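Student: The structure file input_12.txt (compact mmCIF, C-alpha atoms and all ligand atoms) is provided below.
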# COMPACT_ATOMS: atom_id res chain seq x y z
CA MET A 1 46.93 178.71 94.01
CA THR A 2 49.99 180.15 92.36
CA THR A 3 53.53 179.44 93.38
CA THR A 4 56.54 181.69 93.01
CA PRO A 5 59.36 180.14 91.04
CA PRO A 6 62.53 179.78 93.12
CA THR A 7 65.22 182.38 92.69
CA PRO A 8 68.84 181.24 92.35
CA THR A 9 69.46 181.93 96.03
CA ASP A 10 66.62 179.56 96.98
CA THR A 11 68.85 176.61 96.24
CA THR A 12 72.30 177.81 97.24
CA LEU A 13 74.30 178.34 100.41
CA VAL A 14 77.68 179.98 101.05
CA VAL A 15 80.18 177.20 101.74
CA ALA A 16 83.81 177.16 102.82
CA GLU A 17 84.31 173.44 102.20
CA THR A 18 82.50 170.10 102.01
CA PHE A 19 84.60 167.05 102.76
CA GLY A 20 84.59 163.42 103.85
CA PRO A 21 84.04 160.69 104.62
CA THR A 22 86.27 161.19 107.64
CA VAL A 23 85.36 160.79 111.31
CA GLN A 24 83.43 162.98 113.71
CA GLY A 25 86.39 163.88 115.89
CA GLU A 26 84.62 165.42 118.87
CA GLY A 27 81.77 164.87 121.30
CA PRO A 28 79.12 162.17 121.68
CA SER A 29 79.62 160.81 118.15
CA LEU A 30 83.42 160.72 118.39
CA GLY A 31 84.78 158.17 115.96
CA ARG A 32 81.64 157.84 113.84
CA ARG A 33 82.23 157.93 110.11
CA ALA A 34 81.08 161.35 108.96
CA SER A 35 81.23 164.02 106.29
CA PHE A 36 81.25 167.76 106.93
CA VAL A 37 79.59 170.76 105.35
CA ARG A 38 81.37 173.88 106.55
CA LEU A 39 79.34 177.05 105.93
CA GLY A 40 80.74 180.56 105.83
CA GLY A 41 80.38 183.36 108.38
CA CYS A 42 80.38 183.61 112.17
CA ASN A 43 78.91 186.03 114.69
CA LEU A 44 81.82 185.59 117.14
CA ALA A 45 85.57 186.09 116.78
CA CYS A 46 87.27 183.63 119.15
CA THR A 47 91.00 184.20 119.65
CA TRP A 48 91.84 180.51 119.21
CA CYS A 49 89.36 179.81 116.38
CA ASP A 50 90.64 176.97 114.18
CA THR A 51 88.48 177.96 111.18
CA PRO A 52 89.07 181.73 110.82
CA TYR A 53 89.04 181.35 107.04
CA THR A 54 85.25 181.06 107.31
CA TRP A 55 84.77 184.56 108.76
CA ASP A 56 87.92 186.68 109.26
CA GLY A 57 88.15 189.09 106.36
CA ASP A 58 91.17 190.82 107.93
CA ARG A 59 93.32 187.71 107.61
CA TYR A 60 91.69 185.90 104.68
CA ASP A 61 90.27 186.77 101.28
CA LEU A 62 86.73 185.60 101.95
CA ARG A 63 85.81 186.00 98.26
CA ALA A 64 88.33 183.24 97.57
CA GLU A 65 87.54 181.17 100.68
CA LEU A 66 83.74 181.12 100.39
CA THR A 67 81.63 180.00 97.45
CA ARG A 68 77.89 180.26 96.92
CA THR A 69 77.12 176.68 95.90
CA PRO A 70 73.98 174.84 94.77
CA VAL A 71 72.67 172.75 97.65
CA THR A 72 72.26 169.79 95.29
CA ASP A 73 76.05 169.87 94.80
CA ILE A 74 76.68 170.28 98.54
CA ALA A 75 74.43 167.35 99.41
CA ALA A 76 75.83 165.11 96.65
CA ARG A 77 79.39 165.74 97.87
CA ALA A 78 78.47 165.26 101.54
CA LEU A 79 76.72 161.95 100.82
CA GLN A 80 79.60 160.52 98.76
CA GLY A 81 80.83 157.32 100.38
CA ALA A 82 77.62 156.92 102.41
CA PRO A 83 78.72 158.46 105.70
CA GLY A 84 76.46 157.66 108.65
CA VAL A 85 76.60 161.26 109.81
CA VAL A 86 76.71 164.59 108.01
CA VAL A 87 77.90 167.41 110.26
CA ILE A 88 76.86 170.94 109.30
CA THR A 89 79.39 173.27 110.84
CA GLY A 90 81.10 176.60 110.29
CA GLY A 91 81.67 179.31 111.27
CA GLU A 92 78.20 179.49 112.75
CA PRO A 93 75.90 177.42 110.55
CA LEU A 94 72.63 178.54 112.15
CA LEU A 95 73.22 181.98 110.61
CA HIS A 96 72.02 180.32 107.38
CA GLN A 97 68.85 178.68 108.61
CA HIS A 98 66.49 181.38 107.29
CA GLN A 99 67.77 180.94 103.75
CA PRO A 100 65.55 178.70 101.61
CA GLY A 101 68.58 176.67 100.60
CA TRP A 102 68.98 175.55 104.22
CA ALA A 103 65.71 173.61 104.30
CA THR A 104 66.50 172.10 100.93
CA LEU A 105 69.88 170.93 102.17
CA LEU A 106 68.32 169.33 105.25
CA ASP A 107 65.75 167.57 103.05
CA LEU A 108 68.41 166.22 100.68
CA LEU A 109 70.65 164.95 103.48
CA THR A 110 67.71 163.30 105.25
CA ALA A 111 66.60 161.65 102.00
CA GLY A 112 70.18 160.42 101.59
CA GLY A 113 69.94 158.53 104.87
CA ALA A 114 72.35 160.63 106.92
CA ASP A 115 72.01 161.53 110.58
CA ILE A 116 72.40 165.31 110.59
CA GLU A 117 74.41 166.98 113.33
CA VAL A 118 74.73 170.76 113.64
CA GLU A 119 77.68 172.31 115.43
CA THR A 120 76.77 175.71 116.86
CA ASN A 121 78.24 178.23 119.28
CA GLY A 122 74.88 178.37 121.07
CA THR A 123 74.03 182.00 120.34
CA ILE A 124 71.24 181.26 117.85
CA GLY A 125 68.23 179.06 118.58
CA PRO A 126 66.94 176.58 115.99
CA THR A 127 63.91 177.15 113.77
CA PRO A 128 61.20 174.45 113.78
CA THR A 129 62.47 173.26 110.39
CA THR A 130 65.96 172.86 111.80
CA THR A 131 64.77 171.13 114.95
CA ALA A 132 62.68 168.64 112.95
CA ALA A 133 65.59 167.53 110.79
CA VAL A 134 68.59 167.52 113.14
CA ALA A 135 69.53 164.40 115.09
CA ARG A 136 71.90 166.25 117.44
CA PHE A 137 72.96 169.80 118.16
CA ASN A 138 76.55 169.98 119.34
CA VAL A 139 76.32 173.23 121.26
CA SER A 140 79.66 174.80 122.12
CA PRO A 141 79.25 177.97 124.21
CA LYS A 142 82.49 179.86 124.59
CA LEU A 143 84.33 180.47 127.88
CA PRO A 144 86.09 183.77 128.73
CA HIS A 145 89.40 182.58 127.22
CA ALA A 146 87.79 182.76 123.75
CA GLY A 147 88.03 186.53 124.07
CA ASP A 148 84.50 187.40 122.93
CA PRO A 149 82.40 189.75 125.12
CA GLU A 150 80.15 187.75 127.45
CA ARG A 151 76.99 189.41 126.09
CA ALA A 152 77.95 188.13 122.63
CA ARG A 153 79.05 184.60 123.50
CA ILE A 154 76.42 183.72 126.16
CA ARG A 155 72.79 184.12 125.06
CA PRO A 156 70.66 182.37 127.71
CA SER A 157 67.39 182.47 125.74
CA GLN A 158 69.04 180.88 122.70
CA LEU A 159 70.77 178.26 124.84
CA ALA A 160 67.41 177.47 126.45
CA ALA A 161 65.85 176.99 123.01
CA LEU A 162 68.60 174.57 122.02
CA ASN A 163 68.34 172.76 125.36
CA ALA A 164 64.57 172.45 124.91
CA THR A 165 65.02 170.35 121.77
CA GLY A 166 66.15 167.48 124.02
CA ARG A 167 68.79 166.72 121.40
CA ALA A 168 71.55 169.08 122.48
CA ALA A 169 74.95 167.99 123.75
CA PHE A 170 76.91 170.84 125.34
CA LYS A 171 80.60 170.85 124.48
CA PHE A 172 83.13 173.20 126.09
CA VAL A 173 86.69 173.90 125.01
CA CYS A 174 88.78 173.88 128.20
CA ARG A 175 92.38 174.41 129.21
CA THR A 176 92.47 174.44 133.01
CA PRO A 177 90.58 173.20 136.09
CA THR A 178 89.27 176.75 136.47
CA ASP A 179 87.55 176.31 133.10
CA ILE A 180 85.78 173.22 134.47
CA ASP A 181 84.50 175.31 137.39
CA GLN A 182 83.15 177.85 134.89
CA VAL A 183 81.42 175.10 132.90
CA ALA A 184 79.77 173.85 136.11
CA THR A 185 78.58 177.37 136.96
CA TYR A 186 77.13 177.91 133.50
CA THR A 187 75.44 174.55 133.06
CA THR A 188 73.92 174.63 136.55
CA ALA A 189 72.45 178.06 135.77
CA TRP A 190 71.07 176.83 132.43
CA GLY A 191 69.57 173.62 133.84
CA VAL A 192 71.80 171.37 131.73
CA PRO A 193 72.50 168.06 133.50
CA PRO A 194 76.17 167.02 133.71
CA ALA A 195 75.50 163.88 131.68
CA ARG A 196 74.80 166.08 128.65
CA VAL A 197 78.07 168.00 128.99
CA TRP A 198 81.30 167.12 127.16
CA VAL A 199 84.54 168.92 127.95
CA MET A 200 87.26 168.97 125.33
CA PRO A 201 90.88 170.11 125.48
CA GLU A 202 91.83 173.13 123.39
CA GLY A 203 94.58 172.58 120.84
CA THR A 204 95.43 172.07 117.20
CA THR A 205 98.39 169.74 117.87
CA PRO A 206 98.43 166.37 119.68
CA ALA A 207 100.91 167.81 122.20
CA ALA A 208 98.63 170.72 123.10
CA LEU A 209 95.60 168.42 123.33
CA ASN A 210 97.46 165.99 125.59
CA ALA A 211 98.66 168.76 127.91
CA HIS A 212 95.21 170.31 128.27
CA LEU A 213 93.50 166.90 128.58
CA ALA A 214 95.80 165.98 131.47
CA ALA A 215 94.88 169.24 133.21
CA ILE A 216 91.10 168.89 132.85
CA ALA A 217 90.40 165.13 132.99
CA ASP A 218 90.18 164.63 136.75
CA PRO A 219 88.14 167.75 137.55
CA ALA A 220 85.80 167.01 134.63
CA ILE A 221 85.10 163.49 135.86
CA THR A 222 84.64 164.73 139.42
CA ALA A 223 82.09 167.27 138.15
CA GLY A 224 80.13 164.48 136.42
CA PHE A 225 80.98 165.58 132.88
CA ASN A 226 81.95 163.52 129.84
CA LEU A 227 85.35 163.90 128.21
CA THR A 228 86.22 164.10 124.54
CA THR A 229 89.40 164.70 122.65
CA ARG A 230 89.74 165.92 119.03
CA LEU A 231 90.37 162.65 117.22
CA HIS A 232 91.05 164.27 113.82
CA VAL A 233 93.91 166.32 115.33
CA HIS A 234 95.49 163.13 116.69
CA ALA A 235 95.19 161.51 113.27
CA TRP A 236 96.01 164.40 110.93
CA GLY A 237 97.23 167.36 112.99
CA ASP A 238 95.94 170.74 111.86
CA GLU A 239 95.40 169.60 108.27
CA ARG A 240 92.44 171.37 106.72
CA ALA A 241 89.34 169.47 105.50
CA ARG A 242 90.10 166.34 107.55
S1 LIG B 1 82.26 180.45 117.32
FE1 LIG B 1 83.47 178.82 116.38
S2 LIG B 1 83.76 179.44 114.23
FE2 LIG B 1 83.04 181.25 115.36
S3 LIG B 1 84.96 182.33 115.91
FE3 LIG B 1 84.41 181.00 117.66
S4 LIG B 1 85.51 179.06 117.30
FE4 LIG B 1 85.52 180.21 115.35
Let me see whether you can do it: turn the structure in this file into structure tokens.

Tutor:
Amino acid sequence: MTTTPPTPTDTTLVVAETFGPTVQGEGPSLGRRASFVRLGGCNLACTWCDTPYTWDGDRYDLRAELTRTPVTDIAARALQGAPGVVVITGGEPLLHQHQPGWATLLDLLTAGGADIEVETNGTIGPTPTTTAAVARFNVSPKLPHAGDPERARIRPSQLAALNATGRAAFKFVCRTPTDIDQVATYTTAWGVPPARVWVMPEGTTPAALNAHLAAIADPAITAGFNLTTRLHVHAWGDERAR
């Protein structure tokens, strides 16, 4: 049997930033010590996106923002300081999962002893390789206030594939009680039990988070959902790579 030698792209991925240890600021692992690998590119264009430098070529020079990087370097940086969790995020990280470098990155992080979490907008289902390696999918489908067309932001078959892993937590950015009603409508239709739903206030300042949290906390609890804040914003504001 012959094997094909790897090409340079076999062992690289396009990265915006790799940083940590810091904390996982959102969702079921809130407060856990974690490092982040932020990959480039997204298939949505949310109006309130807090990482537009990963995808918005109209506002950012993506040739300067994004770097094709050896996965050995990405993994070594992510594992510095022995974080318990490595979060692969974006942009939309699952856009990269058909690149050979993706599987290599998952292997290196697993060998390094990290629990791997993937943060996804829920529009792309996981490959078997991804599912096998990932401890938790933090799935964050977008509500109408994100501004994306519904056919783009809500992909029921992909959400079902993520839900079927049994390792998906569904996280929704909310501003108002009406948003909580929308979350209940969606998750009921998708067969996602309330105990696997986290609602999170929108905001990139502590003041905005506090205002939205006050608006959504009671209706979220009444609906049976979990609440999360954005701990990194409370600690460091909108500072990048924290
Ligand atoms: S899905 Fe996430 S990364 Fe993509 S535009 Fe929306 S908020 Fe930004």

Student: To check your reading of the model: which residues sit at most 10 Å from ligand LIG 1 (chain B) when counting all atoms listed in the file? Write the answer as a PyMOL selection string.

Tutor: chain A and resi 38-56+89-93+119-123+140-142+146-148+153+173

Student: Which neighbours of Asp179 of chain A fall inside 9 Å, counting all atoms listed in the file, when residues of the same chain fewer than 3 positions from it are skipped, and could you give them as a PyMOL selection string?

Tutor: chain A and resi 143-145+172-176+182-184+216

Student: Take the residues just selected and output them with C-alpha atoms as a PDB file, keeping the file's coordinate frame.

Tutor:
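Contents of part29.pdb, as written:
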ATOM      1  CA  LEU A 143      84.330 180.470 127.880  1.00  0.00           C
ATOM      2  CA  PRO A 144      86.090 183.770 128.730  1.00  0.00           C
ATOM      3  CA  HIS A 145      89.400 182.580 127.220  1.00  0.00           C
ATOM      4  CA  PHE A 172      83.130 173.200 126.090  1.00  0.00           C
ATOM      5  CA  VAL A 173      86.690 173.900 125.010  1.00  0.00           C
ATOM      6  CA  CYS A 174      88.780 173.880 128.200  1.00  0.00           C
ATOM      7  CA  ARG A 175      92.380 174.410 129.210  1.00  0.00           C
ATOM      8  CA  THR A 176      92.470 174.440 133.010  1.00  0.00           C
ATOM      9  CA  GLN A 182      83.150 177.850 134.890  1.00  0.00           C
ATOM     10  CA  VAL A 183      81.420 175.100 132.900  1.00  0.00           C
ATOM     11  CA  ALA A 184      79.770 173.850 136.110  1.00  0.00           C
ATOM     12  CA  ILE A 216      91.100 168.890 132.850  1.00  0.00           C
TER      13      ILE A 216
END

Student: Between atom CA of Phe137 of chain A and atom CA of Arg155 of chain A, what is the spacing in Å?

Tutor: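 So the two atoms, atom CA of Arg155 of chain A and atom CA of Phe137 of chain A, lie 15.9 Å apart.
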
Student: Using only C-alpha atoms - which residues lie no farther than 12 Å from the point (75.9, 166.7, 98.5) in the file's frame? Write them as number ranges by chain.

Tutor: A: 12-13, 15, 17-21, 35-37, 69-83, 86-88, 104-114

Student: For a cutoff of 12 Å around the file-coordinate point (77.1, 173.0, 136.3), which residues qualify once you count only C-alpha atoms? I'd like the result as a CSV table (one decimal) with C-alpha atoms, in the frame of the given file.

Tutor:
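Once everything was written out, this is result-v8.csv:
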chain,number,residue,atom,x,y,z
A,170,PHE,CA,76.9,170.8,125.3
A,172,PHE,CA,83.1,173.2,126.1
A,179,ASP,CA,87.6,176.3,133.1
A,180,ILE,CA,85.8,173.2,134.5
A,181,ASP,CA,84.5,175.3,137.4
A,182,GLN,CA,83.2,177.8,134.9
A,183,VAL,CA,81.4,175.1,132.9
A,184,ALA,CA,79.8,173.8,136.1
A,185,THR,CA,78.6,177.4,137.0
A,186,TYR,CA,77.1,177.9,133.5
A,187,THR,CA,75.4,174.6,133.1
A,188,THR,CA,73.9,174.6,136.6
A,189,ALA,CA,72.4,178.1,135.8
A,190,TRP,CA,71.1,176.8,132.4
A,191,GLY,CA,69.6,173.6,133.8
A,192,VAL,CA,71.8,171.4,131.7
A,193,PRO,CA,72.5,168.1,133.5
A,194,PRO,CA,76.2,167.0,133.7
A,195,ALA,CA,75.5,163.9,131.7
A,196,ARG,CA,74.8,166.1,128.6
A,197,VAL,CA,78.1,168.0,129.0
A,198,TRP,CA,81.3,167.1,127.2
A,199,VAL,CA,84.5,168.9,128.0
A,220,ALA,CA,85.8,167.0,134.6
A,222,THR,CA,84.6,164.7,139.4
A,223,ALA,CA,82.1,167.3,138.2
A,224,GLY,CA,80.1,164.5,136.4
A,225,PHE,CA,81.0,165.6,132.9

Student: When distances are computed from all atoms listed in the file, which of A:Ala208, A:Ala135, A:Leu213, A:Ile221 shows the smallest separation from Gly237 of chain A?

Tutor: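 The closest residue to Gly237 of chain A is A:Ala208.
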
Student: Have a look at atom CA of Gln158 of chain A and atom CA of Glu117 of chain A and let me know their distance in Å, one decimal.

Tutor: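 Interatomic distance here is 17.6 Å.
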
Student: Return the single residue from A:Leu162, A:Leu30, A:Val139, A:Ala211 that is closest to Thr229 of chain A, with distances computed using all atoms listed in the file.

Tutor: A:Leu30

Student: Quote the spacing between atom CA of Pro126 of chain A and atom CA of Gln97 of chain A in Å to one decimal place.

Tutor: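 The value is 7.9 Å.
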
Student: May I have the residues within 6 Å of His212 of chain A as a PyMOL selection string, using all atoms listed in the file and disregarding those fewer than 2 positions away in the same chain?

Tutor: chain A and resi 175+201+209-210+214-215

Student: Using all atoms listed in the file, which of the listed residues (A:Gly57, A:Pro219, A:Pro156, A:Pro206) sits closest to Thr178 of chain A?

Tutor: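 Distance minimum relative to Thr178 of chain A lands on A:Pro219.
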